[in-house]
Amino acid sequence: MEKDNLENNSGKWIWGIFYYNKEDDRIFPPKRIPWMGWTVNFANWKSIAALVAMLAFFYFIIFMIERNS
């Protein structure tokens with residue numbers, strides 16, 4: 001991502017770490033530094049639902065492992 005693009009996009013980041021853009025329909029947009037991976041768009045309910053579903057899935061897996069050991 002170019003420096004100009006970062007400066008234009010800076011208003012969509014809360015405290016520099018939480019991405020909040022109502023016009024962006026992507027569930028997992030790239031982070032400010034693209035090679036670092038993806039983030040969650042906290043203005044998109046689908047993105048938040050995907051995050052909650054992933055956390056619930058991992059919690060369930062850990063719960064089942066602990067229960068069987």
# chains A, B, ... in the order shown; residues from 1 in each chain; ligands from 1

$ residues_around --residues "A:Ala50" --least-positions-apart "5" --cutoff "10 Å" --atoms "only C-alpha atoms" --output "list in words"
Ile27, Phe28, Val40, Trp45, Leu55 and Ala56 of chain A

$ closest_residue --among "A:Met54, A:Phe60, A:Ala43, A:Ser69" --to "A:Tyr20" --atoms "only C-alpha atoms"
A:Ala43

$ closest_residue --among "A:Phe42, A:Ser47, A:Asp25, A:Ile33" --to "A:Lys12" --atoms "only C-alpha atoms"
A:Phe42

$ atom_distance --atom1 "atom CA of A:Ile17" --atom2 "atom CA of A:Ile48"
15.3 Å

$ select_by_dssp --residues "chain A" --states "strand (DSSP E or B)" --output "PyMOL selection string"
chain A and resi 13-14+18-19+30+38+41

$ atom_distance --atom1 "atom CA of A:Trp35" --atom2 "atom CA of A:Phe57"
25.8 Å

$ decode --residues "stretch 37-60 of chain A" --atoms "N, CA, C and O atoms" --output "PDB file, in the first residue's frame"
ATOM      1  N   GLY A  37      -1.316  -9.294   7.315  1.00  0.00           N
ATOM      2  CA  GLY A  37      -2.520 -10.118   7.304  1.00  0.00           C
ATOM      3  C   GLY A  37      -3.793  -9.306   7.164  1.00  0.00           C
ATOM      4  O   GLY A  37      -3.816  -8.271   6.510  1.00  0.00           O
ATOM      5  N   TRP A  38      -4.847  -9.790   7.815  1.00  0.00           N
ATOM      6  CA  TRP A  38      -6.165  -9.190   7.686  1.00  0.00           C
ATOM      7  C   TRP A  38      -6.694  -8.771   9.042  1.00  0.00           C
ATOM      8  O   TRP A  38      -6.203  -9.179  10.077  1.00  0.00           O
ATOM      9  N   THR A  39      -7.741  -7.970   9.010  1.00  0.00           N
ATOM     10  CA  THR A  39      -8.383  -7.508  10.234  1.00  0.00           C
ATOM     11  C   THR A  39      -9.890  -7.633  10.075  1.00  0.00           C
ATOM     12  O   THR A  39     -10.383  -8.112   9.062  1.00  0.00           O
ATOM     13  N   VAL A  40     -10.629  -7.205  11.074  1.00  0.00           N
ATOM     14  CA  VAL A  40     -12.087  -7.253  11.068  1.00  0.00           C
ATOM     15  C   VAL A  40     -12.607  -5.836  10.857  1.00  0.00           C
ATOM     16  O   VAL A  40     -12.098  -4.892  11.445  1.00  0.00           O
ATOM     17  N   ASN A  41     -13.622  -5.697  10.003  1.00  0.00           N
ATOM     18  CA  ASN A  41     -14.270  -4.408   9.804  1.00  0.00           C
ATOM     19  C   ASN A  41     -15.386  -4.295  10.847  1.00  0.00           C
ATOM     20  O   ASN A  41     -16.433  -4.920  10.716  1.00  0.00           O
ATOM     21  N   PHE A  42     -15.171  -3.521  11.882  1.00  0.00           N
ATOM     22  CA  PHE A  42     -16.127  -3.428  12.981  1.00  0.00           C
ATOM     23  C   PHE A  42     -17.393  -2.655  12.627  1.00  0.00           C
ATOM     24  O   PHE A  42     -18.316  -2.592  13.426  1.00  0.00           O
ATOM     25  N   ALA A  43     -17.483  -2.109  11.422  1.00  0.00           N
ATOM     26  CA  ALA A  43     -18.698  -1.438  10.970  1.00  0.00           C
ATOM     27  C   ALA A  43     -19.577  -2.388  10.168  1.00  0.00           C
ATOM     28  O   ALA A  43     -20.689  -2.033   9.793  1.00  0.00           O
ATOM     29  N   ASN A  44     -19.106  -3.600   9.903  1.00  0.00           N
ATOM     30  CA  ASN A  44     -19.831  -4.577   9.095  1.00  0.00           C
ATOM     31  C   ASN A  44     -20.289  -5.719   9.993  1.00  0.00           C
ATOM     32  O   ASN A  44     -19.459  -6.435  10.565  1.00  0.00           O
ATOM     33  N   TRP A  45     -21.597  -5.929  10.112  1.00  0.00           N
ATOM     34  CA  TRP A  45     -22.106  -6.962  11.011  1.00  0.00           C
ATOM     35  C   TRP A  45     -21.667  -8.355  10.581  1.00  0.00           C
ATOM     36  O   TRP A  45     -21.484  -9.236  11.426  1.00  0.00           O
ATOM     37  N   LYS A  46     -21.469  -8.571   9.273  1.00  0.00           N
ATOM     38  CA  LYS A  46     -21.004  -9.885   8.807  1.00  0.00           C
ATOM     39  C   LYS A  46     -19.587 -10.166   9.285  1.00  0.00           C
ATOM     40  O   LYS A  46     -19.245 -11.291   9.624  1.00  0.00           O
ATOM     41  N   SER A  47     -18.787  -9.143   9.326  1.00  0.00           N
ATOM     42  CA  SER A  47     -17.417  -9.280   9.791  1.00  0.00           C
ATOM     43  C   SER A  47     -17.378  -9.620  11.282  1.00  0.00           C
ATOM     44  O   SER A  47     -16.627 -10.496  11.708  1.00  0.00           O
ATOM     45  N   ILE A  48     -18.197  -8.961  12.064  1.00  0.00           N
ATOM     46  CA  ILE A  48     -18.258  -9.233  13.499  1.00  0.00           C
ATOM     47  C   ILE A  48     -18.822 -10.629  13.747  1.00  0.00           C
ATOM     48  O   ILE A  48     -18.325 -11.370  14.599  1.00  0.00           O
ATOM     49  N   ALA A  49     -19.842 -11.035  12.973  1.00  0.00           N
ATOM     50  CA  ALA A  49     -20.415 -12.371  13.118  1.00  0.00           C
ATOM     51  C   ALA A  49     -19.384 -13.446  12.779  1.00  0.00           C
ATOM     52  O   ALA A  49     -19.311 -14.482  13.454  1.00  0.00           O
ATOM     53  N   ALA A  50     -18.560 -13.213  11.754  1.00  0.00           N
ATOM     54  CA  ALA A  50     -17.511 -14.169  11.394  1.00  0.00           C
ATOM     55  C   ALA A  50     -16.480 -14.282  12.516  1.00  0.00           C
ATOM     56  O   ALA A  50     -16.030 -15.387  12.845  1.00  0.00           O
ATOM     57  N   LEU A  51     -16.122 -13.162  13.130  1.00  0.00           N
ATOM     58  CA  LEU A  51     -15.181 -13.171  14.245  1.00  0.00           C
ATOM     59  C   LEU A  51     -15.754 -13.953  15.426  1.00  0.00           C
ATOM     60  O   LEU A  51     -15.073 -14.805  16.009  1.00  0.00           O
ATOM     61  N   VAL A  52     -17.004 -13.702  15.772  1.00  0.00           N
ATOM     62  CA  VAL A  52     -17.648 -14.404  16.887  1.00  0.00           C
ATOM     63  C   VAL A  52     -17.748 -15.901  16.586  1.00  0.00           C
ATOM     64  O   VAL A  52     -17.495 -16.739  17.457  1.00  0.00           O
ATOM     65  N   ALA A  53     -18.099 -16.264  15.345  1.00  0.00           N
ATOM     66  CA  ALA A  53     -18.198 -17.675  14.965  1.00  0.00           C
ATOM     67  C   ALA A  53     -16.847 -18.368  15.076  1.00  0.00           C
ATOM     68  O   ALA A  53     -16.765 -19.507  15.570  1.00  0.00           O
ATOM     69  N   MET A  54     -15.789 -17.704  14.642  1.00  0.00           N
ATOM     70  CA  MET A  54     -14.449 -18.304  14.751  1.00  0.00           C
ATOM     71  C   MET A  54     -14.048 -18.480  16.210  1.00  0.00           C
ATOM     72  O   MET A  54     -13.515 -19.532  16.587  1.00  0.00           O
ATOM     73  N   LEU A  55     -14.303 -17.476  17.037  1.00  0.00           N
ATOM     74  CA  LEU A  55     -13.974 -17.590  18.456  1.00  0.00           C
ATOM     75  C   LEU A  55     -14.767 -18.699  19.124  1.00  0.00           C
ATOM     76  O   LEU A  55     -14.224 -19.469  19.937  1.00  0.00           O
ATOM     77  N   ALA A  56     -16.061 -18.824  18.786  1.00  0.00           N
ATOM     78  CA  ALA A  56     -16.893 -19.891  19.346  1.00  0.00           C
ATOM     79  C   ALA A  56     -16.391 -21.265  18.897  1.00  0.00           C
ATOM     80  O   ALA A  56     -16.348 -22.213  19.698  1.00  0.00           O
ATOM     81  N   PHE A  57     -15.990 -21.383  17.645  1.00  0.00           N
ATOM     82  CA  PHE A  57     -15.458 -22.643  17.129  1.00  0.00           C
ATOM     83  C   PHE A  57     -14.197 -23.047  17.887  1.00  0.00           C
ATOM     84  O   PHE A  57     -14.061 -24.193  18.331  1.00  0.00           O
ATOM     85  N   PHE A  58     -13.256 -22.115  18.057  1.00  0.00           N
ATOM     86  CA  PHE A  58     -12.017 -22.433  18.761  1.00  0.00           C
ATOM     87  C   PHE A  58     -12.275 -22.743  20.236  1.00  0.00           C
ATOM     88  O   PHE A  58     -11.642 -23.633  20.811  1.00  0.00           O
ATOM     89  N   TYR A  59     -13.195 -22.025  20.851  1.00  0.00           N
ATOM     90  CA  TYR A  59     -13.561 -22.321  22.236  1.00  0.00           C
ATOM     91  C   TYR A  59     -14.143 -23.732  22.336  1.00  0.00           C
ATOM     92  O   TYR A  59     -13.811 -24.480  23.256  1.00  0.00           O
ATOM     93  N   PHE A  60     -14.995 -24.097  21.396  1.00  0.00           N
ATOM     94  CA  PHE A  60     -15.591 -25.435  21.385  1.00  0.00           C
ATOM     95  C   PHE A  60     -14.519 -26.513  21.237  1.00  0.00           C
ATOM     96  O   PHE A  60     -14.550 -27.525  21.946  1.00  0.00           O
TER      97      PHE A  60
END
